[in-house]
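As provided, my_file_22.csv (CSV, C-alpha atoms) reads as follows.
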```csv
chain,number,residue,atom,x,y,z
A,1,MET,CA,-15.7,19.9,26.6
A,2,GLY,CA,-14.0,23.1,25.4
A,3,ARG,CA,-10.3,22.7,25.1
A,4,ARG,CA,-8.6,21.7,21.8
A,5,ASP,CA,-6.0,19.6,23.9
A,6,ALA,CA,-8.5,17.8,26.1
A,7,PHE,CA,-9.4,14.2,26.4
A,8,TRP,CA,-11.3,11.9,28.7
A,9,LEU,CA,-11.2,8.3,29.9
A,10,ASP,CA,-14.5,7.0,31.1
A,11,GLY,CA,-15.8,10.6,31.4
A,12,GLU,CA,-12.8,11.6,33.6
A,13,SER,CA,-11.0,14.7,32.3
A,14,ALA,CA,-7.2,14.4,31.7
A,15,GLY,CA,-7.1,18.1,32.8
A,16,ALA,CA,-8.5,17.2,36.2
A,17,ALA,CA,-5.5,14.9,36.7
A,18,GLY,CA,-3.1,17.7,35.7
A,19,LEU,CA,-2.5,16.4,32.2
A,20,ARG,CA,-2.4,18.3,28.9
A,21,LEU,CA,-1.7,17.3,25.3
A,22,GLN,CA,1.1,18.9,23.3
A,23,GLU,CA,-0.7,17.9,20.1
A,24,PRO,CA,-3.8,15.9,19.1
A,25,ILE,CA,-3.7,12.2,19.8
A,26,ARG,CA,-2.6,10.3,16.7
A,27,PHE,CA,-4.2,7.0,15.8
A,28,SER,CA,-3.0,4.4,13.4
A,29,ALA,CA,-5.4,3.2,10.7
A,30,PRO,CA,-7.2,-0.2,11.3
A,31,ARG,CA,-5.5,-3.0,9.3
A,32,PRO,CA,-7.6,-5.8,7.8
A,33,ARG,CA,-6.7,-9.2,9.0
A,34,TYR,CA,-6.0,-11.8,6.4
A,35,GLU,CA,-5.5,-15.6,6.5
A,36,THR,CA,-2.6,-16.5,4.3
A,37,ALA,CA,-1.7,-19.7,2.6
A,38,GLU,CA,1.3,-20.9,0.5
A,39,ILE,CA,0.3,-22.8,-2.7
A,40,PRO,CA,3.0,-25.1,-4.1
A,41,GLY,CA,4.0,-24.0,-7.6
A,42,ARG,CA,2.3,-20.6,-7.2
A,43,SER,CA,4.2,-17.3,-6.6
A,44,GLY,CA,3.1,-15.2,-3.7
A,45,LEU,CA,0.7,-15.9,-0.9
A,46,LEU,CA,-3.0,-16.6,-1.2
A,47,GLN,CA,-4.8,-14.1,1.1
A,48,ARG,CA,-8.4,-14.3,2.3
A,49,PHE,CA,-9.9,-11.4,4.3
A,50,GLU,CA,-11.2,-12.7,7.6
A,51,GLY,CA,-13.8,-10.0,7.9
A,52,VAL,CA,-12.2,-8.3,10.9
A,53,PHE,CA,-9.7,-5.6,11.6
A,54,ASP,CA,-6.7,-5.5,14.1
A,55,ASN,CA,-6.6,-3.0,16.9
A,56,VAL,CA,-5.1,0.4,16.3
A,57,THR,CA,-2.5,2.3,18.4
A,58,GLY,CA,-3.1,5.8,19.7
A,59,THR,CA,-0.2,8.0,21.0
A,60,ALA,CA,-0.6,11.1,23.0
A,61,ARG,CA,2.4,13.4,23.6
A,62,CYS,CA,1.6,15.0,27.0
A,63,PHE,CA,3.0,17.1,29.8
A,64,ALA,CA,1.8,17.4,33.4
A,65,LEU,CA,0.8,20.6,35.0
A,66,GLU,CA,2.8,20.4,38.2
A,67,ARG,CA,0.9,21.4,41.3
A,68,GLY,CA,3.5,21.1,44.0
A,69,ARG,CA,6.1,18.2,43.9
A,70,VAL,CA,7.0,16.6,40.7
A,71,GLU,CA,6.6,13.1,42.2
A,72,THR,CA,3.1,13.9,43.3
A,73,ALA,CA,2.1,15.1,39.8
A,74,LEU,CA,3.6,11.9,38.2
A,75,ALA,CA,1.6,9.8,40.7
A,76,ALA,CA,-1.6,11.6,39.9
A,77,VAL,CA,-1.2,11.2,36.2
A,78,ASN,CA,-0.5,7.4,36.5
A,79,ARG,CA,-3.4,7.0,38.9
A,80,TRP,CA,-5.7,8.6,36.3
A,81,CYS,CA,-4.3,6.5,33.5
A,82,PHE,CA,-4.7,3.2,35.4
A,83,ALA,CA,-7.8,3.9,37.4
A,84,ALA,CA,-9.4,0.9,35.7
A,85,PHE,CA,-8.0,-2.0,33.6
A,86,GLY,CA,-9.5,-3.4,30.4
A,87,TYR,CA,-11.1,-1.3,27.7
A,88,ARG,CA,-12.2,2.2,28.7
A,89,ARG,CA,-14.1,4.9,26.8
A,90,LEU,CA,-11.7,7.4,25.2
A,91,GLU,CA,-13.0,10.7,24.0
A,92,THR,CA,-11.1,13.6,22.5
A,93,GLU,CA,-12.0,17.2,21.7
A,94,ASP,CA,-10.9,16.7,18.1
A,95,GLU,CA,-13.5,14.0,17.5
A,96,PRO,CA,-16.5,15.3,19.5
A,97,GLU,CA,-19.1,13.0,17.9
A,98,ILE,CA,-17.3,9.7,18.4
A,99,TYR,CA,-15.5,7.7,21.1
A,100,ARG,CA,-13.1,4.7,21.1
A,101,LEU,CA,-12.6,1.8,23.4
A,102,ALA,CA,-9.0,1.9,24.6
A,103,VAL,CA,-6.6,0.3,27.0
A,104,VAL,CA,-3.8,2.5,28.4
A,105,THR,CA,-0.6,0.5,27.7
A,106,SER,CA,2.0,3.0,28.9
A,107,GLY,CA,1.7,5.8,31.5
A,108,ALA,CA,3.9,8.7,32.4
A,109,GLU,CA,7.6,8.0,32.5
A,110,THR,CA,9.6,8.9,35.5
A,111,GLU,CA,12.1,11.0,33.7
A,112,LEU,CA,12.7,14.2,35.8
A,113,ARG,CA,14.8,17.1,34.5
A,114,MET,CA,15.8,19.9,36.7
A,115,ARG,CA,13.0,18.9,39.1
A,116,THR,CA,10.4,19.2,36.4
A,117,LEU,CA,8.5,16.3,34.7
A,118,ALA,CA,9.7,15.9,31.1
A,119,PRO,CA,7.1,15.6,28.4
A,120,PHE,CA,6.1,12.0,27.9
A,121,THR,CA,4.0,9.8,25.6
A,122,LEU,CA,0.9,7.8,26.6
A,123,THR,CA,0.1,4.8,24.5
A,124,PHE,CA,-3.4,3.4,23.9
A,125,ASP,CA,-4.4,0.1,22.4
A,126,CYS,CA,-7.8,0.7,20.8
A,127,LYS,CA,-10.4,-1.4,19.2
A,128,PRO,CA,-10.6,-0.6,15.5
A,129,GLN,CA,-14.1,0.8,15.7
A,130,ARG,CA,-15.0,4.4,16.1
A,131,TYR,CA,-18.3,4.5,18.0
A,132,LEU,CA,-20.9,7.2,17.1
A,133,LYS,CA,-22.3,8.8,20.3
A,134,SER,CA,-25.5,9.2,18.3
A,135,GLY,CA,-25.7,5.4,18.2
A,136,GLU,CA,-26.2,5.3,21.9
A,137,ARG,CA,-29.7,6.6,21.4
A,138,ALA,CA,-32.4,4.0,20.7
A,139,ALA,CA,-33.9,4.1,17.2
A,140,ALA,CA,-37.5,2.8,16.9
A,141,LEU,CA,-38.4,1.0,13.7
A,142,THR,CA,-42.2,0.3,13.7
A,143,ALA,CA,-43.1,-0.5,10.1
A,144,SER,CA,-42.4,-3.6,8.1
A,145,GLY,CA,-39.5,-3.0,5.7
A,146,ALA,CA,-38.1,0.0,7.7
A,147,ARG,CA,-34.4,0.4,7.4
A,148,LEU,CA,-31.6,1.7,9.7
A,149,VAL,CA,-28.3,2.5,8.0
A,150,ASN,CA,-24.9,2.9,9.7
A,151,PRO,CA,-22.8,5.6,8.0
A,152,GLY,CA,-19.5,4.1,8.9
A,153,MET,CA,-18.0,0.6,8.8
A,154,GLU,CA,-20.0,-2.5,9.5
A,155,ALA,CA,-22.1,-2.1,12.7
A,156,ARG,CA,-23.0,-4.8,15.1
A,157,PRO,CA,-25.9,-3.3,16.9
A,158,LEU,CA,-27.9,-4.3,20.0
A,159,ILE,CA,-31.4,-5.0,18.7
A,160,THR,CA,-34.5,-5.5,20.9
A,161,VAL,CA,-37.6,-6.8,19.1
A,162,TYR,CA,-41.0,-6.4,20.7
A,163,GLY,CA,-44.2,-8.1,19.6
A,164,SER,CA,-45.9,-11.4,19.3
A,165,GLY,CA,-46.1,-14.2,16.7
A,166,ALA,CA,-43.6,-15.0,14.0
A,167,GLY,CA,-41.5,-12.8,11.8
A,168,THR,CA,-38.2,-12.1,10.2
A,169,LEU,CA,-35.5,-9.6,10.9
A,170,THR,CA,-32.7,-8.9,8.4
A,171,ALA,CA,-29.5,-7.2,9.7
A,172,GLY,CA,-26.4,-6.8,7.6
A,173,GLY,CA,-27.7,-9.2,4.9
A,174,ARG,CA,-28.4,-11.9,7.5
A,175,THR,CA,-31.9,-13.0,8.3
A,176,VAL,CA,-33.1,-14.2,11.7
A,177,GLN,CA,-36.4,-16.2,11.8
A,178,LEU,CA,-38.5,-15.3,14.8
A,179,LYS,CA,-40.8,-18.4,15.2
A,180,SER,CA,-42.8,-17.5,18.3
A,181,LEU,CA,-42.2,-14.1,19.9
A,182,ASP,CA,-44.1,-13.3,23.0
A,183,GLY,CA,-43.0,-10.0,24.5
A,184,TRP,CA,-39.4,-9.1,23.6
A,185,LEU,CA,-36.1,-10.6,22.5
A,186,THR,CA,-32.7,-9.0,22.4
A,187,LEU,CA,-30.1,-9.8,19.7
A,188,ASP,CA,-26.6,-8.8,20.6
A,189,CYS,CA,-24.9,-8.8,17.1
A,190,ASP,CA,-21.4,-8.1,18.6
A,191,LEU,CA,-21.5,-11.0,21.0
A,192,GLN,CA,-23.6,-13.1,18.6
A,193,ASN,CA,-26.1,-13.9,21.3
A,194,ALA,CA,-29.8,-13.7,21.8
A,195,TYR,CA,-31.6,-13.5,25.2
A,196,LYS,CA,-34.8,-12.6,26.8
```
Is it possible to express this structure as structure tokens?
Amino acid sequence: MGRRDAFWLDGESAGAAGLRLQEPIRFSAPRPRYETAEIPGRSGLLQRFEGVFDNVTGTARCFALERGRVETALAAVNRWCFAAFGYRRLETEDEPEIYRLAVVTSGAETELRMRTLAPFTLTFDCKPQRYLKSGERAAALTASGARLVNPGMEARPLITVYGSGAGTLTAGGRTVQLKSLDGWLTLDCDLQNAYK
């Protein structure tokens, strides 16, 4: 990484696809999701925070570095944008310590002017979380009462417990009773699943 206008999808550089940013990618802020209810005789709505946030939108104003025919450049950009479907890892030079999970929802438009590809906007639908790259490294907690603190919004980590016997694990104010551990157990807090 070394360009201020660079970005990557699943580790594949936009520059390798002949794509450059005109300005940094802009992301909307995550909006909290509320359940609303109307109460007869009461003005306004009753709102209850559901504990989750809606997806954010990212917009990237881009241009293609044309290498030969305009149609070929456009096809290369769209091949890169839609190389895979579903959430993909989006990294930008402006935020080198984090990544987002994003779906490309619009690719390069086919507007051609004077046989050149006009600047266009790519749109991303992103999960509201910004994931720390440092969080991909395992952190070992070996002492009773040891703490691991996430510096951002609520984290939902992947926790593997090794040992034998009974014990408790508290994560995010919730306590899990381990009645008879023999070896290891993985708790996936995001999927709310436990498996061995």
Exercise for review: For Glu136 of chain A, please output as number ranges by chain all residues within 12 Å (counting all atoms listed in the file; exclusion window: fewer than 6 positions along the same chain).
Suggested key: A: 97-99, 157-159
Exercise for review: Compare A:Gly145, A:Gly183, A:Gly15, A:Gly152 by their minimum atom-to-atom distance to Ala166 of chain A, counting all atoms listed in the file, and give me the closest one.
Suggested key: A:Gly183
Practice item. Work out how far atom CA of Leu122 of chain A is from atom CA of Arg61 of chain A, in Å to one decimal. Key: 6.5 Å
Practice item. Find the residue from A:Thr92, A:Thr57, A:Asn150, A:Gln47 that sits nearest to Ala29 of chain A; use only C-alpha atoms when measuring. Key: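 Comparing A:Thr92, A:Thr57, A:Asn150, A:Gln47 against Ala29 of chain A, the winner is A:Thr57.
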Practice item. Measuring atom to atom with only C-alpha atoms, identify which of A:Gly172, A:Gly107, A:Gly11, A:Pro119 is nearest to Glu23 of chain A. Key: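 Checking each candidate against Glu23 of chain A, we get A:Pro119 as the closest.
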Exercise for review: Have a look at A:Arg147, A:Lys127, A:Arg33, A:Arg79 and name the one nearest to Gly58 of chain A; count only C-alpha atoms.
Suggested key: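 Comparing A:Arg147, A:Lys127, A:Arg33, A:Arg79 against Gly58 of chain A, the winner is A:Lys127.
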Point to revise | Pick from A:Ser43, A:Thr175, A:Thr168, A:Ser13 nearest to Glu93 of chain A, counting all atoms listed in the file | key: A:Ser13
Check your understanding: Do you have the atom CA of Cys189 of chain A-atom CA of Phe85 of chain A distance handy?
Key -> 24.6 Å
Exercise for review: List every protein, DNA or RNA residue that has an atom no more than 10 Å from (-15.0, 0.4, 17.3) in the file's coordinate frame, counting all atoms listed in the file, and report them as a ChimeraX atom specification.
Suggested key: /A:30,53,55-56,98-102,126-132,153-156
Point to revise | Residue among A:Thr105, A:Ser144, A:Thr186, A:Asn78 lying closest to Gly167 of chain A, counting only C-alpha atoms | key: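 Selected residue with least distance to Gly167 of chain A: A:Ser144.
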Exercise for review: Name all residues at most 8 Å from Val77 of chain A (count only C-alpha atoms; drop same-chain ones fewer than 2 positions away) and give them as a list in words.
Suggested key: Ala17, Gly18, Leu19, Ala64, Ala73, Leu74, Ala75, Arg79, Trp80, Cys81, Gly107 and Ala108 of chain A
Practice item. With a distance cut-off of 8 Å and only C-alpha atoms, select the neighbouring residues of Leu21 of chain A, excluding the residue or stretch itself and same-chain residues fewer than 5 positions from it, and output the selection as a list of chain:residue names. Key: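 So the residues in contact are A:Asp5, A:Ala6, A:Ala60, A:Arg61, A:Cys62, A:Phe63.
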